[in-house]
Amino acid sequence: MATTYLELTNQALRELNEIPLTSANFADAVGLQQFVKDSINKSIFDIANEEPQLPFFSAGVSGGTDPFYGNVTVATVAGQRWYTLKAGSSDITTDYASIDWDDFLVTTVNVSGESAPFVSKGLKYITLDEWTRYYRDQENLDDADTQARGEPARVYRSPDNRKFGLSPIPDKVYNVHFYAYEKPTALSAHGDTIAFPDQYSNVITARTRYYVWQFKDSPQQAAFALEDFKKGMRNMKKNLLNPQPKYITDDRIYF
């Protein structure tokens, strides 16, 4: 069962030898108890800022056809270069927190009217500077030239980070898949639950204790709490982001 805001706050309060809250007085907390509540949210944002691509920040489940397809799909339009990364987002405050730019895939699988053999390939990420220097002038001319459009091979991001561009300009409908990660939502009501698995709730409380000991002007205790937080982050990233075994191979076996 996911940990609630109340449970997490009380866990931090007990670690600090302070009086826990109840569901009845949670909303009316003042003083140190309110500071702990605020620090819980601060700590969650700190974790998201340090590692925005943790699995529980994922914008959705991996693709139903193939998990390597990503968790967001954008359909291209013939002749259109730029596409908004998050549909329906009004501004940067509601955009995705992070995009995996190394893992864009373009395919005709599940595109209406398409049949085998399907297009299915990764898109090479290039910087906006590279696109401006080597492709922009020609593709500006291609805007009105349907003959110059083609199968996208490269992807790049707009200066405001809200859109992605395709090169060449698509000649028809393709599905572009990629992985995106959401911003965490601040906890508010006592029954709000954290997105984190319970085993990592101690990472949040360690960061919370760090803020409280700073508030209490106790640098040594703050340093201990910070070390606990750093250790928790290392373990969390090792378990969730880098679980692959490390090994050495010798290319000479192929010869």
# chains A, B, ... in the order shown; residues from 1 in each chain; ligands from 1
$ residues_around --residues "A:Leu123" --least-positions-apart "6" --cutoff "8 Å" --atoms "only C-alpha atoms" --output "PyMOL selection string"
chain A and resi 103-106+152-155
$ select_by_dssp --residues "stretch 11-248 of chain A" --states "helix (DSSP H, G or I)" --output "ChimeraX atom specification"
/A:11-15,26-28,31-50,55-57,67-69,92-94,128-134,136-142,146-148,198-215,219-240
$ closest_atom_pairs --of "stretch 122-230 of chain A" --to "stretch 26-38 of chain A" --cutoff "10 Å" --atoms "only C-alpha atoms" --output "JSON lines"
{"residue": "A:Ala186", "atom": "CA", "partner": "A:Asp38", "partner_atom": "CA", "distance": 9.4}
{"residue": "A:Leu187", "atom": "CA", "partner": "A:Lys37", "partner_atom": "CA", "distance": 8.9}
{"residue": "A:Ser188", "atom": "CA", "partner": "A:Ala27", "partner_atom": "CA", "distance": 8.7}
{"residue": "A:Ala189", "atom": "CA", "partner": "A:Ala27", "partner_atom": "CA", "distance": 7.4}
{"residue": "A:His190", "atom": "CA", "partner": "A:Phe26", "partner_atom": "CA", "distance": 6.5}
{"residue": "A:Thr205", "atom": "CA", "partner": "A:Val36", "partner_atom": "CA", "distance": 9.3}
{"residue": "A:Thr208", "atom": "CA", "partner": "A:Val36", "partner_atom": "CA", "distance": 6.7}
{"residue": "A:Arg209", "atom": "CA", "partner": "A:Val36", "partner_atom": "CA", "distance": 8.2}
{"residue": "A:Tyr211", "atom": "CA", "partner": "A:Val36", "partner_atom": "CA", "distance": 8.4}
{"residue": "A:Val212", "atom": "CA", "partner": "A:Val36", "partner_atom": "CA", "distance": 7.0}
{"residue": "A:Phe215", "atom": "CA", "partner": "A:Phe35", "partner_atom": "CA", "distance": 9.0}
{"residue": "A:Lys216", "atom": "CA", "partner": "A:Leu32", "partner_atom": "CA", "distance": 9.7}
$ residues_around --residues "A:Asp129" --least-positions-apart "3" --cutoff "12 Å" --atoms "only C-alpha atoms" --output "list of chain:residue names"
A:Tyr125, A:Ile126, A:Thr132, A:Arg133, A:Tyr134, A:Tyr135, A:Arg136, A:Tyr156, A:Arg157, A:Ser158, A:Pro159
$ closest_residue --among "A:Ile169, A:Ile40, A:Leu6, A:Ala206" --to "A:Ala148" --atoms "only C-alpha atoms"
A:Ile169
$ select_by_dssp --residues "stretch 2-232 of chain A" --states "strand (DSSP E)" --output "VMD selection string"
chain A and resid 72 to 75 82 to 84 98 to 99 105 to 107 120 to 122 124 to 125 154 to 157 163 to 167 175 to 178 180 to 181
$ closest_residue --among "A:Asn110, A:Asn41, A:Asn10, A:Asn175" --to "A:Gly70" --atoms "only C-alpha atoms"
A:Asn175
$ residues_around --residues "stretch 223-228 of chain A" --least-positions-apart "4" --cutoff "8 Å" --atoms "only C-alpha atoms" --output "MDAnalysis selection string"
chainID A and resid 203 206:207 209:210 219 232
$ write_last_selection --atoms "C-alpha atoms" --output "mmCIF file, in the first residue's frame"
data_model
loop_
_atom_site.group_PDB
_atom_site.id
_atom_site.type_symbol
_atom_site.label_atom_id
_atom_site.label_comp_id
_atom_site.auth_asym_id
_atom_site.auth_seq_id
_atom_site.Cartn_x
_atom_site.Cartn_y
_atom_site.Cartn_z
ATOM 1 C CA VAL A 203 14.973 8.818 1.136
ATOM 2 C CA ALA A 206 16.200 11.716 5.284
ATOM 3 C CA ARG A 207 16.041 14.834 3.108
ATOM 4 C CA ARG A 209 15.421 15.699 8.445
ATOM 5 C CA TYR A 210 18.226 17.561 6.671
ATOM 6 C CA PRO A 219 24.868 21.440 11.259
ATOM 7 C CA GLY A 232 19.425 6.427 -0.260
#
$ atom_distance --atom1 "atom CA of A:Ile92" --atom2 "atom CA of A:Asp160"
8.4 Å
$ atom_distance --atom1 "atom CA of A:Asn202" --atom2 "atom CA of A:Glu18"
16.9 Å
$ closest_residue --among "A:Val173, A:Leu8, A:Ala24, A:Val109" --to "A:Ala75" --atoms "only C-alpha atoms"
A:Val173
$ residues_around --residues "A:Leu85" --least-positions-apart "3" --cutoff "12 Å" --atoms "only C-alpha atoms" --output "JSON, numbers by chain"
{"A": [59, 71, 72, 73, 74, 75, 76, 82, 88, 89, 90, 91, 92, 94, 95, 96, 97, 98, 99, 100, 101, 104, 155, 156, 157, 158, 160, 161, 162, 163, 164, 165, 176, 177, 178, 179, 180, 181, 182]}
$ write_last_selection --atoms "C-alpha atoms" --output "PDB file, in the first residue's frame"
ATOM      1  CA  ALA A  59       4.325   9.659 -18.037  1.00  0.00           C
ATOM      2  CA  ASN A  71       5.290   5.695 -23.271  1.00  0.00           C
ATOM      3  CA  VAL A  72       4.178   8.617 -25.471  1.00  0.00           C
ATOM      4  CA  THR A  73       3.107   8.460 -29.107  1.00  0.00           C
ATOM      5  CA  VAL A  74       2.799  11.412 -31.479  1.00  0.00           C
ATOM      6  CA  ALA A  75       1.394  10.969 -34.991  1.00  0.00           C
ATOM      7  CA  THR A  76       3.101  13.036 -37.670  1.00  0.00           C
ATOM      8  CA  TRP A  82       7.398  20.692 -35.468  1.00  0.00           C
ATOM      9  CA  GLY A  88      -2.781  19.724 -24.338  1.00  0.00           C
ATOM     10  CA  SER A  89       0.007  21.399 -22.363  1.00  0.00           C
ATOM     11  CA  SER A  90      -0.619  25.134 -22.081  1.00  0.00           C
ATOM     12  CA  ASP A  91       2.885  26.292 -21.141  1.00  0.00           C
ATOM     13  CA  ILE A  92       6.214  25.113 -19.747  1.00  0.00           C
ATOM     14  CA  THR A  94       2.527  21.853 -17.471  1.00  0.00           C
ATOM     15  CA  ASP A  95       5.054  20.303 -19.876  1.00  0.00           C
ATOM     16  CA  TYR A  96       6.863  17.043 -19.177  1.00  0.00           C
ATOM     17  CA  ALA A  97       9.693  17.314 -16.671  1.00  0.00           C
ATOM     18  CA  SER A  98      12.132  15.273 -18.754  1.00  0.00           C
ATOM     19  CA  ILE A  99      12.398  13.611 -22.177  1.00  0.00           C
ATOM     20  CA  ASP A 100      14.701  10.748 -23.145  1.00  0.00           C
ATOM     21  CA  TRP A 101      16.078  12.291 -26.337  1.00  0.00           C
ATOM     22  CA  PHE A 104      13.018   8.334 -30.186  1.00  0.00           C
ATOM     23  CA  VAL A 155      15.068  14.542 -34.190  1.00  0.00           C
ATOM     24  CA  TYR A 156      15.927  17.826 -32.437  1.00  0.00           C
ATOM     25  CA  ARG A 157      14.278  20.065 -29.868  1.00  0.00           C
ATOM     26  CA  SER A 158      12.994  23.596 -30.155  1.00  0.00           C
ATOM     27  CA  ASP A 160      11.979  26.590 -25.686  1.00  0.00           C
ATOM     28  CA  ASN A 161      12.205  22.764 -25.158  1.00  0.00           C
ATOM     29  CA  ARG A 162       8.452  22.408 -25.726  1.00  0.00           C
ATOM     30  CA  LYS A 163       8.510  20.835 -29.201  1.00  0.00           C
ATOM     31  CA  PHE A 164      10.509  18.359 -31.245  1.00  0.00           C
ATOM     32  CA  GLY A 165      11.373  18.728 -34.908  1.00  0.00           C
ATOM     33  CA  VAL A 176       6.835   8.752 -33.219  1.00  0.00           C
ATOM     34  CA  HIS A 177       7.391   7.047 -29.862  1.00  0.00           C
ATOM     35  CA  PHE A 178       9.498   8.325 -26.985  1.00  0.00           C
ATOM     36  CA  TYR A 179       9.825   8.190 -23.207  1.00  0.00           C
ATOM     37  CA  ALA A 180       8.646  11.148 -21.119  1.00  0.00           C
ATOM     38  CA  TYR A 181       8.573  11.820 -17.396  1.00  0.00           C
ATOM     39  CA  GLU A 182       6.112  13.963 -15.437  1.00  0.00           C
TER      40      GLU A 182
END
$ closest_residue --among "A:Val111, A:Leu54, A:Ala48, A:Leu141" --to "A:Thr185" --atoms "only C-alpha atoms"
A:Ala48
$ closest_residue --among "A:Leu128, A:Leu13, A:Ile19, A:Ile44" --to "A:Ala195" --atoms "only C-alpha atoms"
A:Ile44
